[in-house]
Structures are given as structure tokens and as C-alpha cells.
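**Q** My structure is below; once you've seen it, I'll send some questions.
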Amino acid sequence: MRATKIAALRESLASLDAAPQIDVEYEKRKAKVRHRALLLLDQRARSEHEITTRLLDADFEPPIVADVVADLKRCDLIDDATFAAEWVRQRHTHRGKSRRALEHELREKGISSAVSADALASISAESEESQATALAEKKARTITHAPANYSEYTKMLRKVVGVLARRGYGESMSYGVAKQALDQRISQL
């Protein structure tokens, strides 16, 4: 009885040796894709859509790209919610971007609207107005002389409003904040 169990065990081990356990060629191709993906992630965090798009643009095979992206998600190297939250925090705090501009950027990065809404919830109206004020004051400080006439004043105001508009702030907020910052700067001159 013992001899038959040992023989059966040897037979099953022999069949395992005969059948390949790993597709070596597939794993080599997958390693190249994984290497490129890790290089991209080494530069900065990226969304799943960004990584997938960049890898497909590099002419890697779609099934291999899908496998690598799935592996990276399992290892938490790709997490759209974390990416979106950090993107919003960084871009709002350091670049002064508005909610509207950040929402557009997240959409371009392939972030779903639900994940995007969660990340954007961290920006309060007060924070947004504070960032707009800081940007307007910074631009207004570049003005070196008081305007000689109304035409020159509106030209200066357009420059300050333009800084806010490029960062996605709404028309009414931009105009009000810019006018206040410009008037304050002119009173200092």
C-alpha cells in the first residue's frame, strides 16, 4: 500500500515536471512592460488611465499591459483615489488651481467623477478664495507705478484677472479679488 502511494506521488511529480508551470516568454515580455511602468511611477504618481495609455502608446501588447496594471493595482502602486486626493492637494496648495480647473485635470487623467468629487471635497470655498486672493496680490505686487488714467488701470486689472482666469477661477470671484488686490497695491504706491 505504501509502495503504491509512493509510486502515485512520483507519477504526479513527473507530470508536474513535464508541464511548464510558467510561460517564460510571456513573463519576459511582461517584465519589460513592468519596468517601463515602474519608471513612469518613479517620476510621479499616476492614474490607472495614465499608466495604461502611456504603456499602450509605447506599443506594448494590450493583454500584457492589462496584466501589469492589474498587478500594480494589487500592490497599491496604482490607486486612483489616493492619486486624485494628492493631485488636488498639491495643485491647489502650490499652484493655486481652482476646483473647476482641478476637476478638468482629473477628468483628463481618467479619474471617475465619483473619485474626483471625493478628492475635490477637500477644497472649501474659503480656501479657494484665499488662494485667489494670494495669487491676485502676488500679481499686483509686480505693478511698479500708479495708473495715469482709467485705460491704464483697466489694463492692469486685466493682467491680474488673467492670472486668476488661467487657474480656473470664476469670472465674478476673479474680478472682485483682482480689483481689491489692485486697489490695495495702488494705495501703497
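Please note that chains go A, B, ... in the order of the C-alpha cells, that every chain numbers its residues from 1, and that ligands are numbered from 1 in the order shown.
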Give me the residues within 10 Å of range 166-173 of chain A as a list of chain:residue names, counting only C-alpha atoms and dropping any in the same chain fewer than 2 places off.

**A** A:His92, A:Arg95, A:Gly96, A:Lys97, A:Ser98, A:Arg99, A:Arg100, A:Ala101, A:Leu102, A:Glu103, A:His104, A:Glu128, A:Glu129, A:Gln131, A:Ala132, A:Thr133, A:Leu135, A:Val161, A:Gly162, A:Val163, A:Leu164, A:Tyr175, A:Gly176, A:Val177, A:Ala178, A:Lys179

**Q** Quick one: write out the picked residues with C-alpha atoms as a PDB file, in the first residue's frame?

**A**
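To be explicit, this is the file written out as part.pdb:
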ATOM      1  CA  HIS A  92      -4.450  73.659  -5.132  1.00  0.00           C
ATOM      2  CA  ARG A  95      -0.164  76.112  -7.931  1.00  0.00           C
ATOM      3  CA  GLY A  96      -3.306  77.884  -6.748  1.00  0.00           C
ATOM      4  CA  LYS A  97      -5.601  75.925  -9.079  1.00  0.00           C
ATOM      5  CA  SER A  98      -9.358  76.256  -8.619  1.00  0.00           C
ATOM      6  CA  ARG A  99     -11.820  73.400  -8.108  1.00  0.00           C
ATOM      7  CA  ARG A 100     -13.023  73.791 -11.690  1.00  0.00           C
ATOM      8  CA  ALA A 101      -9.507  73.562 -13.147  1.00  0.00           C
ATOM      9  CA  LEU A 102      -8.652  70.582 -10.951  1.00  0.00           C
ATOM     10  CA  GLU A 103     -11.856  68.796 -11.924  1.00  0.00           C
ATOM     11  CA  HIS A 104     -10.904  69.222 -15.583  1.00  0.00           C
ATOM     12  CA  GLU A 128     -10.390  78.734  -2.859  1.00  0.00           C
ATOM     13  CA  GLU A 129     -10.965  82.432  -2.188  1.00  0.00           C
ATOM     14  CA  GLN A 131      -5.748  81.090  -2.899  1.00  0.00           C
ATOM     15  CA  ALA A 132      -7.290  83.505  -5.408  1.00  0.00           C
ATOM     16  CA  THR A 133      -6.504  86.448  -3.136  1.00  0.00           C
ATOM     17  CA  LEU A 135      -2.443  84.974  -6.445  1.00  0.00           C
ATOM     18  CA  VAL A 161      -7.780  88.899 -13.633  1.00  0.00           C
ATOM     19  CA  GLY A 162      -5.918  86.919 -16.313  1.00  0.00           C
ATOM     20  CA  VAL A 163      -3.752  85.197 -13.705  1.00  0.00           C
ATOM     21  CA  LEU A 164      -6.869  84.010 -11.902  1.00  0.00           C
ATOM     22  CA  TYR A 175     -12.901  90.338 -10.886  1.00  0.00           C
ATOM     23  CA  GLY A 176     -13.709  91.117  -7.246  1.00  0.00           C
ATOM     24  CA  VAL A 177     -10.470  89.711  -5.842  1.00  0.00           C
ATOM     25  CA  ALA A 178      -8.342  91.281  -8.599  1.00  0.00           C
ATOM     26  CA  LYS A 179      -9.933  94.714  -8.167  1.00  0.00           C
TER      27      LYS A 179
END

**Q** Nearest to Leu182 in chain A among A:Ala165, A:Ala66, A:Ile51, A:Ala140, with distances taken over only C-alpha atoms: which residue is it?

**A**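 Residue with the minimum atom-to-atom distance to Leu182 in chain A: A:Ala140.
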
**Q** Need the shell around Asp71 in chain A: protein/DNA/RNA residues with any atom at most 12 Å away, counting only C-alpha atoms. Skip same-chain ones fewer than 4 positions apart. Format as JSON, numbers by chain?

**A** {"A": [30, 31, 33, 34, 37, 38, 48, 64, 65, 66, 67, 75, 76, 77, 78, 79]}

**Q** Take the selection from the previous step and output its residues with C-alpha atoms, as a PDB file, in the first residue's frame.

**A**
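Output contents, as saved in selection.pdb:
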ATOM      1  CA  LYS A  30       5.671  41.322 -19.056  1.00  0.00           C
ATOM      2  CA  ALA A  31       8.922  42.278 -17.284  1.00  0.00           C
ATOM      3  CA  VAL A  33       6.227  46.424 -19.554  1.00  0.00           C
ATOM      4  CA  ARG A  34       6.519  46.329 -15.757  1.00  0.00           C
ATOM      5  CA  ALA A  37       5.528  51.246 -15.766  1.00  0.00           C
ATOM      6  CA  LEU A  38       7.772  51.443 -12.705  1.00  0.00           C
ATOM      7  CA  GLU A  48      -4.569  53.892 -13.935  1.00  0.00           C
ATOM      8  CA  ILE A  64       0.251  42.326 -21.118  1.00  0.00           C
ATOM      9  CA  VAL A  65      -0.403  45.967 -20.238  1.00  0.00           C
ATOM     10  CA  ALA A  66      -3.689  44.960 -18.599  1.00  0.00           C
ATOM     11  CA  ASP A  67      -1.908  42.254 -16.563  1.00  0.00           C
ATOM     12  CA  CYS A  75       0.373  46.070  -4.914  1.00  0.00           C
ATOM     13  CA  ASP A  76      -1.210  49.509  -4.311  1.00  0.00           C
ATOM     14  CA  LEU A  77       1.276  51.197  -6.632  1.00  0.00           C
ATOM     15  CA  ILE A  78      -1.688  52.490  -8.627  1.00  0.00           C
ATOM     16  CA  ASP A  79      -4.639  53.834  -6.653  1.00  0.00           C
TER      17      ASP A  79
END

**Q** Under the rule that only C-alpha atoms are counted, which of A:Thr52, A:Thr144, A:Ser112, A:Ser12 is the nearest residue to Val69 in chain A?

**A** A:Thr52

**Q** Given only C-alpha atoms as the basis, pick out the residue of A:Ala134, A:Ala181, A:Ile22, A:Ala84 nearest to Ser122 in chain A.

**A** A:Ala84

**Q** Using DSSP on the backbone coordinates, identify the residues of range 80-155 of chain A assigned to helix (DSSP H, G or I); present them as JSON, numbers by chain.

**A** {"A": [80, 81, 82, 83, 84, 85, 86, 87, 88, 89, 90, 91, 92, 93, 94, 95, 99, 100, 101, 102, 103, 104, 105, 106, 107, 108, 113, 114, 115, 116, 117, 118, 119, 120, 125, 126, 127, 128, 129, 130, 131, 132, 133, 134, 135, 136, 137, 138, 139, 140, 150, 151, 152, 153, 154, 155]}

**Q** Using the selection just defined, write its residues with C-alpha atoms as a PDB file, in the first residue's frame.

**A**
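Okay, this is what ended up in result.pdb:
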ATOM      1  CA  ASP A  80      -6.846  56.413  -8.336  1.00  0.00           C
ATOM      2  CA  ALA A  81      -8.406  57.678  -5.096  1.00  0.00           C
ATOM      3  CA  THR A  82      -5.038  58.340  -3.464  1.00  0.00           C
ATOM      4  CA  PHE A  83      -3.693  59.831  -6.678  1.00  0.00           C
ATOM      5  CA  ALA A  84      -6.672  62.194  -7.024  1.00  0.00           C
ATOM      6  CA  ALA A  85      -6.517  63.346  -3.402  1.00  0.00           C
ATOM      7  CA  GLU A  86      -2.798  64.082  -3.629  1.00  0.00           C
ATOM      8  CA  TRP A  87      -3.134  65.741  -7.044  1.00  0.00           C
ATOM      9  CA  VAL A  88      -5.821  68.080  -5.734  1.00  0.00           C
ATOM     10  CA  ARG A  89      -3.880  68.897  -2.570  1.00  0.00           C
ATOM     11  CA  GLN A  90      -0.643  69.650  -4.405  1.00  0.00           C
ATOM     12  CA  ARG A  91      -2.109  71.600  -7.306  1.00  0.00           C
ATOM     13  CA  HIS A  92      -4.450  73.659  -5.132  1.00  0.00           C
ATOM     14  CA  THR A  93      -1.892  74.461  -2.452  1.00  0.00           C
ATOM     15  CA  HIS A  94       1.219  75.023  -4.563  1.00  0.00           C
ATOM     16  CA  ARG A  95      -0.164  76.112  -7.931  1.00  0.00           C
ATOM     17  CA  ARG A  99     -11.820  73.400  -8.108  1.00  0.00           C
ATOM     18  CA  ARG A 100     -13.023  73.791 -11.690  1.00  0.00           C
ATOM     19  CA  ALA A 101      -9.507  73.562 -13.147  1.00  0.00           C
ATOM     20  CA  LEU A 102      -8.652  70.582 -10.951  1.00  0.00           C
ATOM     21  CA  GLU A 103     -11.856  68.796 -11.924  1.00  0.00           C
ATOM     22  CA  HIS A 104     -10.904  69.222 -15.583  1.00  0.00           C
ATOM     23  CA  GLU A 105      -7.367  67.949 -14.938  1.00  0.00           C
ATOM     24  CA  LEU A 106      -8.650  64.872 -13.092  1.00  0.00           C
ATOM     25  CA  ARG A 107     -11.054  64.131 -15.936  1.00  0.00           C
ATOM     26  CA  GLU A 108      -8.106  64.274 -18.362  1.00  0.00           C
ATOM     27  CA  SER A 113     -16.413  61.553 -11.387  1.00  0.00           C
ATOM     28  CA  ALA A 114     -17.145  59.898  -8.007  1.00  0.00           C
ATOM     29  CA  VAL A 115     -13.455  59.671  -7.085  1.00  0.00           C
ATOM     30  CA  SER A 116     -12.908  63.186  -8.404  1.00  0.00           C
ATOM     31  CA  ALA A 117     -15.787  64.552  -6.307  1.00  0.00           C
ATOM     32  CA  ASP A 118     -14.340  62.939  -3.164  1.00  0.00           C
ATOM     33  CA  ALA A 119     -10.929  64.483  -3.802  1.00  0.00           C
ATOM     34  CA  LEU A 120     -12.349  67.913  -4.626  1.00  0.00           C
ATOM     35  CA  ALA A 125     -14.900  77.936  -0.653  1.00  0.00           C
ATOM     36  CA  GLU A 126     -12.773  79.850   1.873  1.00  0.00           C
ATOM     37  CA  SER A 127      -9.635  78.024   0.773  1.00  0.00           C
ATOM     38  CA  GLU A 128     -10.390  78.734  -2.859  1.00  0.00           C
ATOM     39  CA  GLU A 129     -10.965  82.432  -2.188  1.00  0.00           C
ATOM     40  CA  SER A 130      -7.813  82.587  -0.068  1.00  0.00           C
ATOM     41  CA  GLN A 131      -5.748  81.090  -2.899  1.00  0.00           C
ATOM     42  CA  ALA A 132      -7.290  83.505  -5.408  1.00  0.00           C
ATOM     43  CA  THR A 133      -6.504  86.448  -3.136  1.00  0.00           C
ATOM     44  CA  ALA A 134      -2.902  85.321  -2.678  1.00  0.00           C
ATOM     45  CA  LEU A 135      -2.443  84.974  -6.445  1.00  0.00           C
ATOM     46  CA  ALA A 136      -4.014  88.357  -7.155  1.00  0.00           C
ATOM     47  CA  GLU A 137      -1.871  90.064  -4.522  1.00  0.00           C
ATOM     48  CA  LYS A 138       1.258  88.429  -5.905  1.00  0.00           C
ATOM     49  CA  LYS A 139       0.480  89.660  -9.422  1.00  0.00           C
ATOM     50  CA  ALA A 140      -0.491  93.114  -8.137  1.00  0.00           C
ATOM     51  CA  TYR A 150      -8.619 104.703 -16.484  1.00  0.00           C
ATOM     52  CA  SER A 151      -7.329 102.933 -19.593  1.00  0.00           C
ATOM     53  CA  GLU A 152      -4.070 102.062 -17.852  1.00  0.00           C
ATOM     54  CA  TYR A 153      -5.998 100.945 -14.757  1.00  0.00           C
ATOM     55  CA  THR A 154      -8.164  98.528 -16.772  1.00  0.00           C
ATOM     56  CA  LYS A 155      -5.060  97.160 -18.483  1.00  0.00           C
TER      57      LYS A 155
END

**Q** Have a look at CA of Leu41 in chain A and CA of Leu72 in chain A and let me know their distance in Å, one decimal.

**A** 10.1 Å

**Q** Could you check which of A:Met156, A:Ala148, A:Val24, A:Leu40 is closest to Thr53 in chain A, using only C-alpha atoms?

**A**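 Comparing A:Met156, A:Ala148, A:Val24, A:Leu40 against Thr53 in chain A, the winner is A:Leu40.
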